[in-house]
Structures are given as structure tokens and as C-alpha cells.
$ cat work21.pdb   # PDB, C-alpha atoms (C1' of nucleotides)
ATOM      1  CA  MET T 518       3.948 -13.709  -7.842  1.00  0.00           C
ATOM      2  CA  THR T 519       2.599 -16.914  -6.355  1.00  0.00           C
ATOM      3  CA  ILE T 520       3.120 -17.512  -2.679  1.00  0.00           C
ATOM      4  CA  ARG T 521       2.193 -20.309  -0.306  1.00  0.00           C
ATOM      5  CA  PRO T 522       2.184 -20.684   3.503  1.00  0.00           C
ATOM      6  CA  ILE T 523       5.284 -22.133   5.130  1.00  0.00           C
ATOM      7  CA  THR T 524       4.676 -25.366   7.042  1.00  0.00           C
ATOM      8  CA  ARG T 525       6.077 -25.939  10.507  1.00  0.00           C
ATOM      9  CA  ALA T 526       8.102 -28.852   9.199  1.00  0.00           C
ATOM     10  CA  GLU T 527      10.032 -26.449   6.961  1.00  0.00           C
ATOM     11  CA  LEU T 528      11.077 -24.178   9.832  1.00  0.00           C
ATOM     12  CA  PRO T 529      14.450 -24.936  11.415  1.00  0.00           C
ATOM     13  CA  VAL T 530      14.034 -25.833  15.116  1.00  0.00           C
ATOM     14  CA  ALA T 531      17.017 -23.755  16.154  1.00  0.00           C
ATOM     15  CA  THR T 532      16.954 -20.047  16.880  1.00  0.00           C
ATOM     16  CA  VAL T 533      20.002 -18.792  14.994  1.00  0.00           C
ATOM     17  CA  GLU T 534      19.348 -21.028  12.004  1.00  0.00           C
ATOM     18  CA  LEU T 535      15.727 -19.866  11.909  1.00  0.00           C
ATOM     19  CA  ALA T 536      16.752 -16.204  11.992  1.00  0.00           C
ATOM     20  CA  ARG T 537      18.817 -16.739   8.834  1.00  0.00           C
ATOM     21  CA  TYR T 538      16.193 -18.955   7.201  1.00  0.00           C
ATOM     22  CA  LEU T 539      13.514 -16.276   7.539  1.00  0.00           C
ATOM     23  CA  LEU T 540      15.418 -13.730   5.432  1.00  0.00           C
ATOM     24  CA  GLY T 541      13.653 -13.534   2.071  1.00  0.00           C
ATOM     25  CA  LYS T 542      10.463 -15.115   3.390  1.00  0.00           C
ATOM     26  CA  ILE T 543       7.156 -13.257   3.519  1.00  0.00           C
ATOM     27  CA  ILE T 544       4.898 -12.068   6.352  1.00  0.00           C
ATOM     28  CA  VAL T 545       1.253 -11.996   5.237  1.00  0.00           C
ATOM     29  CA  ARG T 546      -1.326 -10.012   7.197  1.00  0.00           C
ATOM     30  CA  GLU T 547      -5.063 -10.040   6.583  1.00  0.00           C
ATOM     31  CA  LEU T 548      -6.441  -6.618   7.534  1.00  0.00           C
ATOM     32  CA  PRO T 549     -10.034  -5.336   7.470  1.00  0.00           C
ATOM     33  CA  GLU T 550      -9.088  -3.089   4.545  1.00  0.00           C
ATOM     34  CA  GLY T 551      -7.335  -5.890   2.649  1.00  0.00           C
ATOM     35  CA  GLU T 552      -4.175  -7.953   2.517  1.00  0.00           C
ATOM     36  CA  ALA T 553      -0.750  -6.568   3.311  1.00  0.00           C
ATOM     37  CA  SER T 554       2.568  -8.358   3.079  1.00  0.00           C
ATOM     38  CA  GLY T 555       6.290  -7.805   3.020  1.00  0.00           C
ATOM     39  CA  ARG T 556       9.561  -9.639   2.485  1.00  0.00           C
ATOM     40  CA  VAL T 557      11.702 -10.155   5.577  1.00  0.00           C
ATOM     41  CA  VAL T 558      15.036  -8.362   5.209  1.00  0.00           C
ATOM     42  CA  GLU T 559      16.273  -8.155   8.805  1.00  0.00           C
ATOM     43  CA  THR T 560      16.022 -10.414  11.882  1.00  0.00           C
ATOM     44  CA  GLU T 561      17.644 -10.899  15.276  1.00  0.00           C
ATOM     45  CA  ALA T 562      18.117 -14.182  17.142  1.00  0.00           C
ATOM     46  CA  TYR T 563      17.451 -14.475  20.895  1.00  0.00           C
ATOM     47  CA  PRO T 564      18.554 -18.057  21.592  1.00  0.00           C
ATOM     48  CA  PRO T 565      18.128 -20.043  24.846  1.00  0.00           C
ATOM     49  CA  GLY T 566      20.420 -18.787  27.596  1.00  0.00           C
ATOM     50  CA  ASP T 567      20.887 -15.353  26.036  1.00  0.00           C
ATOM     51  CA  ALA T 568      20.721 -12.634  28.712  1.00  0.00           C
ATOM     52  CA  ALA T 569      18.822 -10.285  26.373  1.00  0.00           C
ATOM     53  CA  LEU T 570      16.101 -12.871  25.752  1.00  0.00           C
ATOM     54  CA  HIS T 571      12.815 -12.084  27.505  1.00  0.00           C
ATOM     55  CA  ALA T 572      12.516 -15.728  28.525  1.00  0.00           C
ATOM     56  CA  TYR T 573      15.938 -15.632  30.199  1.00  0.00           C
ATOM     57  CA  ARG T 574      14.482 -15.565  33.724  1.00  0.00           C
ATOM     58  CA  GLY T 575      11.804 -18.138  33.042  1.00  0.00           C
ATOM     59  CA  ILE T 576       8.216 -18.188  31.890  1.00  0.00           C
ATOM     60  CA  THR T 577       5.807 -15.372  32.851  1.00  0.00           C
ATOM     61  CA  ALA T 578       2.370 -14.215  31.707  1.00  0.00           C
ATOM     62  CA  ARG T 579       3.956 -11.868  29.174  1.00  0.00           C
ATOM     63  CA  ASN T 580       6.547 -14.130  27.584  1.00  0.00           C
ATOM     64  CA  ARG T 581       4.809 -17.502  27.579  1.00  0.00           C
ATOM     65  CA  SER T 582       4.430 -17.491  23.799  1.00  0.00           C
ATOM     66  CA  LEU T 583       8.207 -17.753  23.500  1.00  0.00           C
ATOM     67  CA  PHE T 584       7.903 -21.198  25.076  1.00  0.00           C
ATOM     68  CA  LYS T 585       5.478 -22.467  22.447  1.00  0.00           C
ATOM     69  CA  GLN T 586       6.558 -24.846  19.722  1.00  0.00           C
ATOM     70  CA  HIS T 587       8.552 -23.014  17.033  1.00  0.00           C
ATOM     71  CA  GLY T 588       6.426 -20.933  14.654  1.00  0.00           C
ATOM     72  CA  HIS T 589       4.166 -19.055  17.101  1.00  0.00           C
ATOM     73  CA  ALA T 590       3.911 -15.275  17.427  1.00  0.00           C
ATOM     74  CA  TYR T 591       5.232 -13.413  20.463  1.00  0.00           C
ATOM     75  CA  VAL T 592       4.087  -9.780  20.474  1.00  0.00           C
ATOM     76  CA  TYR T 593       4.929  -7.271  23.189  1.00  0.00           C
ATOM     77  CA  LEU T 594       4.959  -3.532  23.790  1.00  0.00           C
ATOM     78  CA  CYS T 595       8.374  -1.901  23.944  1.00  0.00           C
ATOM     79  CA  TYR T 596       9.065   1.466  25.609  1.00  0.00           C
ATOM     80  CA  GLY T 597       5.307   1.910  25.959  1.00  0.00           C
ATOM     81  CA  VAL T 598       5.278   2.982  22.328  1.00  0.00           C
ATOM     82  CA  SER T 599       6.249   0.254  19.863  1.00  0.00           C
ATOM     83  CA  GLN T 600       4.928  -3.248  19.330  1.00  0.00           C
ATOM     84  CA  MET T 601       7.506  -5.966  18.562  1.00  0.00           C
ATOM     85  CA  LEU T 602       6.843  -9.108  16.536  1.00  0.00           C
ATOM     86  CA  ASN T 603       8.806 -12.292  17.236  1.00  0.00           C
ATOM     87  CA  VAL T 604       8.404 -15.923  16.305  1.00  0.00           C
ATOM     88  CA  SER T 605       9.104 -18.693  18.800  1.00  0.00           C
ATOM     89  CA  SER T 606      12.092 -20.695  17.654  1.00  0.00           C
ATOM     90  CA  GLU T 607      12.654 -23.877  19.645  1.00  0.00           C
ATOM     91  CA  ALA T 608      10.766 -27.002  20.703  1.00  0.00           C
ATOM     92  CA  ASP T 609       7.696 -26.799  22.950  1.00  0.00           C
ATOM     93  CA  GLY T 610       8.711 -25.761  26.469  1.00  0.00           C
ATOM     94  CA  ILE T 611      11.974 -24.042  25.500  1.00  0.00           C
ATOM     95  CA  GLY T 612      11.858 -20.235  25.557  1.00  0.00           C
ATOM     96  CA  ALA T 613      13.554 -18.501  22.609  1.00  0.00           C
ATOM     97  CA  GLY T 614      12.633 -16.301  19.668  1.00  0.00           C
ATOM     98  CA  VAL T 615      13.518 -14.439  16.514  1.00  0.00           C
ATOM     99  CA  LEU T 616      12.674 -10.719  16.259  1.00  0.00           C
ATOM    100  CA  PHE T 617      11.467  -9.354  12.925  1.00  0.00           C
ATOM    101  CA  ARG T 618      13.206  -5.998  12.495  1.00  0.00           C
ATOM    102  CA  ALA T 619      12.311  -4.943   8.948  1.00  0.00           C
ATOM    103  CA  ILE T 620      10.366  -5.973   5.860  1.00  0.00           C
ATOM    104  CA  GLU T 621      10.308  -4.770   2.284  1.00  0.00           C
ATOM    105  CA  PRO T 622       6.643  -3.946   1.468  1.00  0.00           C
ATOM    106  CA  LEU T 623       5.164  -6.152  -1.262  1.00  0.00           C
ATOM    107  CA  VAL T 624       1.351  -6.174  -1.270  1.00  0.00           C
ATOM    108  CA  GLY T 625      -1.056  -3.617   0.184  1.00  0.00           C
ATOM    109  CA  VAL T 626       1.522  -0.836   0.254  1.00  0.00           C
ATOM    110  CA  ALA T 627      -1.230   1.802   0.380  1.00  0.00           C
ATOM    111  CA  HIS T 628      -2.763   0.131   3.440  1.00  0.00           C
ATOM    112  CA  MET T 629       0.603   0.113   5.180  1.00  0.00           C
ATOM    113  CA  MET T 630       1.335   3.722   4.280  1.00  0.00           C
ATOM    114  CA  ALA T 631      -2.063   4.760   5.639  1.00  0.00           C
ATOM    115  CA  ARG T 632      -1.455   2.970   8.929  1.00  0.00           C
ATOM    116  CA  ARG T 633       2.006   4.508   9.194  1.00  0.00           C
ATOM    117  CA  GLY T 634       0.915   7.963   8.186  1.00  0.00           C
ATOM    118  CA  THR T 635       3.587   8.340   5.533  1.00  0.00           C
ATOM    119  CA  THR T 636       3.961   8.017   1.784  1.00  0.00           C
ATOM    120  CA  ARG T 637       7.702   7.430   1.922  1.00  0.00           C
ATOM    121  CA  LEU T 638       8.254   3.780   1.073  1.00  0.00           C
ATOM    122  CA  LEU T 639      11.487   3.539   3.032  1.00  0.00           C
ATOM    123  CA  ASP T 640       9.735   4.709   6.203  1.00  0.00           C
ATOM    124  CA  VAL T 641       6.923   2.160   5.999  1.00  0.00           C
ATOM    125  CA  ALA T 642       8.455  -0.921   7.622  1.00  0.00           C
ATOM    126  CA  ARG T 643      12.117  -0.165   8.329  1.00  0.00           C
ATOM    127  CA  GLY T 644      12.443  -0.924  12.032  1.00  0.00           C
ATOM    128  CA  PRO T 645      10.624  -3.363  14.334  1.00  0.00           C
ATOM    129  CA  GLY T 646       8.064  -0.871  15.642  1.00  0.00           C
ATOM    130  CA  ARG T 647       7.318   0.510  12.196  1.00  0.00           C
ATOM    131  CA  LEU T 648       6.871  -2.971  10.774  1.00  0.00           C
ATOM    132  CA  THR T 649       4.195  -3.845  13.331  1.00  0.00           C
ATOM    133  CA  GLN T 650       2.422  -0.522  12.921  1.00  0.00           C
ATOM    134  CA  ALA T 651       2.334  -0.952   9.142  1.00  0.00           C
ATOM    135  CA  LEU T 652       0.841  -4.442   9.471  1.00  0.00           C
ATOM    136  CA  GLY T 653      -1.537  -3.655  12.339  1.00  0.00           C
ATOM    137  CA  ILE T 654       0.193  -6.062  14.718  1.00  0.00           C
ATOM    138  CA  ALA T 655      -0.379  -5.751  18.467  1.00  0.00           C
ATOM    139  CA  ARG T 656      -0.734  -7.843  21.602  1.00  0.00           C
ATOM    140  CA  PRO T 657      -4.081  -9.468  20.572  1.00  0.00           C
ATOM    141  CA  LEU T 658      -2.121 -11.414  17.938  1.00  0.00           C
ATOM    142  CA  ASP T 659       0.248 -12.811  20.592  1.00  0.00           C
ATOM    143  CA  GLY T 660       0.371 -16.604  20.615  1.00  0.00           C
ATOM    144  CA  LEU T 661      -1.044 -17.148  17.130  1.00  0.00           C
ATOM    145  CA  ASP T 662       0.364 -19.948  15.004  1.00  0.00           C
ATOM    146  CA  LEU T 663       2.258 -18.354  12.108  1.00  0.00           C
ATOM    147  CA  CYS T 664       2.196 -21.678  10.236  1.00  0.00           C
ATOM    148  CA  GLU T 665      -1.586 -21.646  10.130  1.00  0.00           C
ATOM    149  CA  ALA T 666      -3.831 -19.694   7.746  1.00  0.00           C
ATOM    150  CA  GLY T 667      -5.320 -16.781   9.650  1.00  0.00           C
ATOM    151  CA  PRO T 668      -4.895 -13.060  10.317  1.00  0.00           C
ATOM    152  CA  ILE T 669      -1.104 -13.377  10.101  1.00  0.00           C
ATOM    153  CA  TYR T 670       1.151 -16.112   8.770  1.00  0.00           C
ATOM    154  CA  LEU T 671       4.503 -16.837   7.138  1.00  0.00           C
ATOM    155  CA  ALA T 672       4.801 -17.567   3.431  1.00  0.00           C
ATOM    156  CA  THR T 673       7.326 -18.139   0.656  1.00  0.00           C
ATOM    157  CA  ASP T 674       7.234 -17.518  -3.059  1.00  0.00           C
ATOM    158  CA  ASP T 675       9.320 -20.589  -3.905  1.00  0.00           C
ATOM    159  CA  THR T 676      11.259 -18.838  -6.633  1.00  0.00           C
ATOM    160  CA  CYS T 677      15.002 -18.582  -7.071  1.00  0.00           C
ATOM    161  CA  ALA T 678      14.679 -14.884  -6.349  1.00  0.00           C
ATOM    162  CA  SER T 679      13.433 -15.659  -2.865  1.00  0.00           C
ATOM    163  CA  GLU T 680      16.507 -17.671  -1.975  1.00  0.00           C
ATOM    164  CA  ILE T 681      19.000 -15.481  -0.186  1.00  0.00           C
ATOM    165  CA  GLY T 682      22.541 -16.613  -0.787  1.00  0.00           C
ATOM    166  CA  ILE T 683      25.045 -16.881   2.032  1.00  0.00           C
ATOM    167  CA  SER T 684      27.116 -14.144   0.455  1.00  0.00           C
ATOM    168  CA  GLU T 685      24.145 -11.782   0.622  1.00  0.00           C
ATOM    169  CA  ILE T 686      23.516 -12.247   4.343  1.00  0.00           C
ATOM    170  CA  GLY T 687      25.040  -9.561   6.528  1.00  0.00           C
ATOM    171  CA  ILE T 688      25.784 -10.205  10.203  1.00  0.00           C
ATOM    172  CA  SER T 689      26.189  -7.765  13.079  1.00  0.00           C
ATOM    173  CA  THR T 690      25.573  -7.249  16.773  1.00  0.00           C
ATOM    174  CA  ARG T 691      21.970  -6.687  17.827  1.00  0.00           C
ATOM    175  CA  ILE T 692      20.471  -3.215  18.109  1.00  0.00           C
ATOM    176  CA  GLY T 693      19.283  -1.460  21.251  1.00  0.00           C
ATOM    177  CA  ILE T 694      20.136  -4.057  23.886  1.00  0.00           C
ATOM    178  CA  THR T 695      22.483  -3.850  26.880  1.00  0.00           C
ATOM    179  CA  ARG T 696      22.898  -7.454  28.009  1.00  0.00           C
ATOM    180  CA  ASP T 697      24.874  -9.871  25.817  1.00  0.00           C
ATOM    181  CA  ALA T 698      25.218  -6.919  23.448  1.00  0.00           C
ATOM    182  CA  ASP T 699      28.332  -8.166  21.659  1.00  0.00           C
ATOM    183  CA  ARG T 700      26.972 -11.374  20.164  1.00  0.00           C
ATOM    184  CA  PRO T 701      26.732 -11.446  16.331  1.00  0.00           C
ATOM    185  CA  LEU T 702      23.059 -12.429  16.192  1.00  0.00           C
ATOM    186  CA  ARG T 703      21.555  -9.838  13.842  1.00  0.00           C
ATOM    187  CA  PHE T 704      21.043 -10.911  10.229  1.00  0.00           C
ATOM    188  CA  PHE T 705      20.057  -8.809   7.218  1.00  0.00           C
ATOM    189  CA  VAL T 706      19.903  -8.846   3.439  1.00  0.00           C
ATOM    190  CA  SER T 707      23.083  -7.056   2.483  1.00  0.00           C
ATOM    191  CA  GLY T 708      22.490  -3.938   0.428  1.00  0.00           C
ATOM    192  CA  ASN T 709      18.709  -3.894   0.857  1.00  0.00           C
ATOM    193  CA  ARG T 710      17.498  -0.347   1.465  1.00  0.00           C
ATOM    194  CA  HIS T 711      14.683  -1.431   3.781  1.00  0.00           C
ATOM    195  CA  VAL T 712      17.109  -2.686   6.428  1.00  0.00           C
ATOM    196  CA  SER T 713      17.113  -0.580   9.637  1.00  0.00           C
ATOM    197  CA  GLY T 714      19.980   0.436  11.887  1.00  0.00           C
ATOM    198  CA  PRO T 715      23.068   2.606  11.518  1.00  0.00           C
ATOM    199  CA  GLY T 716      24.974   2.275   8.280  1.00  0.00           C
ATOM    200  CA  LYS T 717      28.136   1.140  10.006  1.00  0.00           C
ATOM    201  CA  LEU T 718      26.375  -2.040  11.198  1.00  0.00           C
ATOM    202  CA  ASN T 719      25.121  -2.857   7.712  1.00  0.00           C
ATOM    203  CA  ARG T 720      28.411  -3.498   5.950  1.00  0.00           C
TER     204      ARG T 720
ATOM    205  C1'  DT U 512       2.038  -1.947  46.142  1.00  0.00           C
ATOM    206  C1'  DT U 513       5.609   0.421  43.779  1.00  0.00           C
ATOM    207  C1'  DG U 514       9.211   2.320  40.811  1.00  0.00           C
ATOM    208  C1'  DG U 515      12.937   1.560  37.554  1.00  0.00           C
ATOM    209  C1'  DC U 516      13.545   0.118  33.124  1.00  0.00           C
ATOM    210  C1'  DG U 517      13.484  -1.214  28.334  1.00  0.00           C
ATOM    211  C1'  DA U 518      14.731  -5.806  21.566  1.00  0.00           C
ATOM    212  C1'  DT U 519      11.990   2.329  19.648  1.00  0.00           C
ATOM    213  C1'  DT U 520      10.585   6.232  17.293  1.00  0.00           C
ATOM    214  C1'  DG U 521      10.208  10.942  15.633  1.00  0.00           C
ATOM    215  C1'  DG U 522      11.050  15.649  16.279  1.00  0.00           C
ATOM    216  C1'  DC U 523      14.306  19.176  17.152  1.00  0.00           C
ATOM    217  C1'  DT U 524      19.154  21.180  17.420  1.00  0.00           C
TER     218       DT U 524
ATOM    219  C1'  DG I1213      23.283  13.528  17.449  1.00  0.00           C
ATOM    220  C1'  DC I1214      20.189  14.137  21.537  1.00  0.00           C
ATOM    221  C1'  DC I1215      16.158  13.229  24.109  1.00  0.00           C
ATOM    222  C1'  DA I1216      11.338  13.027  25.575  1.00  0.00           C
ATOM    223  C1'  DA I1217       7.164  10.254  25.178  1.00  0.00           C
ATOM    224  C1'  DT I1218       4.788   6.387  27.193  1.00  0.00           C
ATOM    225  C1'  DC I1219       3.294   2.117  29.682  1.00  0.00           C
ATOM    226  C1'  DG I1220       3.343  -2.804  30.862  1.00  0.00           C
ATOM    227  C1'  DC I1221       6.226  -5.804  33.309  1.00  0.00           C
ATOM    228  C1'  DC I1222       8.306  -7.659  37.282  1.00  0.00           C
ATOM    229  C1'  DA I1223      11.766  -7.651  41.093  1.00  0.00           C
ATOM    230  C1'  DA I1224      11.935  -5.837  45.397  1.00  0.00           C
ATOM    231  C1'  DT I1225       9.664  -3.736  49.125  1.00  0.00           C
TER     232       DT I1225
END

$ encode --input "work21.pdb" --output "C-alpha cells"
Amino acid sequence: MTIRPITRAELPVATVELARYLLGKIIVRELPEGEASGRVVETEAYPPGDAALHAYRGITARNRSLFKQHGHAYVYLCYGVSQMLNVSSEADGIGAGVLFRAIEPLVGVAHMMARRGTTRLLDVARGPGRLTQALGIARPLDGLDLCEAGPIYLATDDTCASEIGISEIGISTRIGITRDADRPLRFFVSGNRHVSGPGKLNR
DNA sequence: TTGGCGATTGGCT
DNA sequence: GCCAATCGCCAAT
């Protein structure tokens, strides 16, 4: 499989559109032990004005990466236990993001399993905290440009198989939030076994 | 300066 | 299905 980095010009400058666009794309991570990558199968949109968005109350030291031009990483610690990976999703100065919730492991599966402490493929990167643990993603990567070659970036394989059809995109409410909890802003590859969340949300 | 609160996970019932 | 673990953030004191 041949893959190439995604340029910023290819990324939609709109949060919800970007969340759908990213399904089927690839997150590449360069680790000390080698490369690891996975195909995005589940995302959530946190658009401007959304009460669940971390940038909702304005810019702070933690969330400033959300205000960067679309295509930059926002990484934060959730519940003191799990790291979350987002990508900024609007023009420079506008706070918004897309959360990566699950990937299907592609390259470096052994590296990811080792970091996760499991040999069960379905447990490797199903869920936002598991995904970041598998790829060694934490706060030091916050603010990086995901459209630039480096320790982590977005890529595509440019094949027909990578194009997710509209009919294959599932939509549901977002998981684990309390504010603006009823908005249909979670997107996933319908039928993919690496998608997280309760089964009733995945139909 | 402080304390309540998460965009979760894994272990146990 | 239930719940504790764990800790940085930030609104309010």
C-alpha cells in the first residue's frame, strides 16, 4: 500500500465536514521502535459554539491549539488517565476540533500491541484513550502540524478502497458528554469492528 | 489557593 | 452493568 501525507489545502475548513472527511484516512506515527499507523474509523465533531467544545469559553493555556489553523494537533489528558487526540478544524483564531475516537491498526501492529499491553487486535485502538496509548501520543505532541512530515501526521492511500461512501458512514450522538449531548456529531465507518461505543449507537 | 469535575478505561459483580 | 482510579484545568473563593 502506498500512502502520502495529506496537504492542508485538501482538508475541509469546517468542523463537521472535516470529521466526515477524515474517515478512511490514515494517522501515521513515527515511534522510536518504528512506524505505526492506523485507518480512522470513528470521529466526533466539536464545532464553534458547541457547549461540549473545550474552546467554548474562550482560549486558555490548555486549549489554545484548538484555535490554530485547521490541521494542528490538540492533545489533552482526560479523567487523569487517558490522552485524547484532536485536530483543529477551522480558520486561524477560531476554536474548534475533531476528536479521533478509533483507528483500525495498519502498520506496526506489534508496536501498538506492546504499548497497549494486549495481543487482542480489537482492543488495540478502539476508543480515544486506547488509540493514543497505542500510538504513544501525549501532551508533548500538542500543537504539532498534522499536515507536516514529523512524529505524527495525516495521510491517505489514494485508492478507491480508501474512499468511504456516504452510505457507509454511520451517524450518532457523541459519547461521554453532558452538554449539547443530543447533537448528531459522531461519525463512524458502518460495520467496522474497530469502532468504539455501545452497539445501539452503531446502527 | 482550592475543590469539583470531566470528550475514559478496565476490573469486578 | 457498576464504579474506582487519577490529575490537570479553571471558576470561584

$ interface_residues --input "work21.pdb" --of "chain U" --to "chain T" --cutoff "8 Å" --atoms "all atoms listed in the file" --output "short mmCIF file (atom, residue, chain, number, x, y, z; two decimals) with C-alpha atoms (C1' of nucleotides), in the frame of the given file"
data_model
loop_
_atom_site.label_atom_id
_atom_site.label_comp_id
_atom_site.auth_asym_id
_atom_site.auth_seq_id
_atom_site.Cartn_x
_atom_site.Cartn_y
_atom_site.Cartn_z
"C1'" DG U 517 13.48 -1.21 28.33
"C1'" DA U 518 14.73 -5.81 21.57
"C1'" DT U 519 11.99 2.33 19.65
"C1'" DT U 520 10.58 6.23 17.29
#

$ atom_distance --input "work21.pdb" --atom1 "atom CA of Glu527 of chain T" --atom2 "atom CA of Leu539 of chain T"
10.8 Å

$ residues_around --input "work21.pdb" --residues "DG522 of chain U" --least-positions-apart "6" --cutoff "12 Å" --atoms "all atoms listed in the file" --output "list in words"
DC1214, DC1215, DA1216 and DA1217 of chain I

$ closest_residue --input "work21.pdb" --among "T:Ala526, T:Val545, T:Arg579, T:Val533" --to "chain I" --atoms "all atoms listed in the file"
T:Arg579

$ atom_distance --input "work21.pdb" --atom1 "atom CA of Val706 of chain T" --atom2 "atom CA of Ala562 of chain T"
14.8 Å

$ residues_around --input "work21.pdb" --residues "Thr577 of chain T" --least-positions-apart "6" --cutoff "12 Å" --atoms "all atoms listed in the file" --output "list of chain:residue names"
T:His571, T:Leu583, T:Phe584, T:Gly612, I:DC1221, I:DC1222

$ write_last_selection --input "work21.pdb" --atoms "C-alpha atoms (C1' of nucleotides)" --output "JSON list (two decimals), keeping the file's coordinate frame"
[["chain", "number", "residue", "atom", "x", "y", "z"],
["T", 571, "HIS", "CA", 12.82, -12.08, 27.50],
["T", 583, "LEU", "CA", 8.21, -17.75, 23.50],
["T", 584, "PHE", "CA", 7.90, -21.20, 25.08],
["T", 612, "GLY", "CA", 11.86, -20.24, 25.56],
["I", 1221, "DC", "C1'", 6.23, -5.80, 33.31],
["I", 1222, "DC", "C1'", 8.31, -7.66, 37.28]]

$ closest_atom_pairs --input "work21.pdb" --of "chain I" --to "chain T" --cutoff "8 Å" --atoms "only C-alpha atoms (C1' of nucleotides)" --output "Markdown table"
| residue | atom | partner | partner_atom | distance |
| --- | --- | --- | --- | --- |
| I:DT1218 | C1' | T:Gly597 | CA | 4.7 |
| I:DC1219 | C1' | T:Gly597 | CA | 4.2 |
| I:DG1220 | C1' | T:Gly597 | CA | 7.1 |
| I:DC1221 | C1' | T:Arg579 | CA | 7.7 |
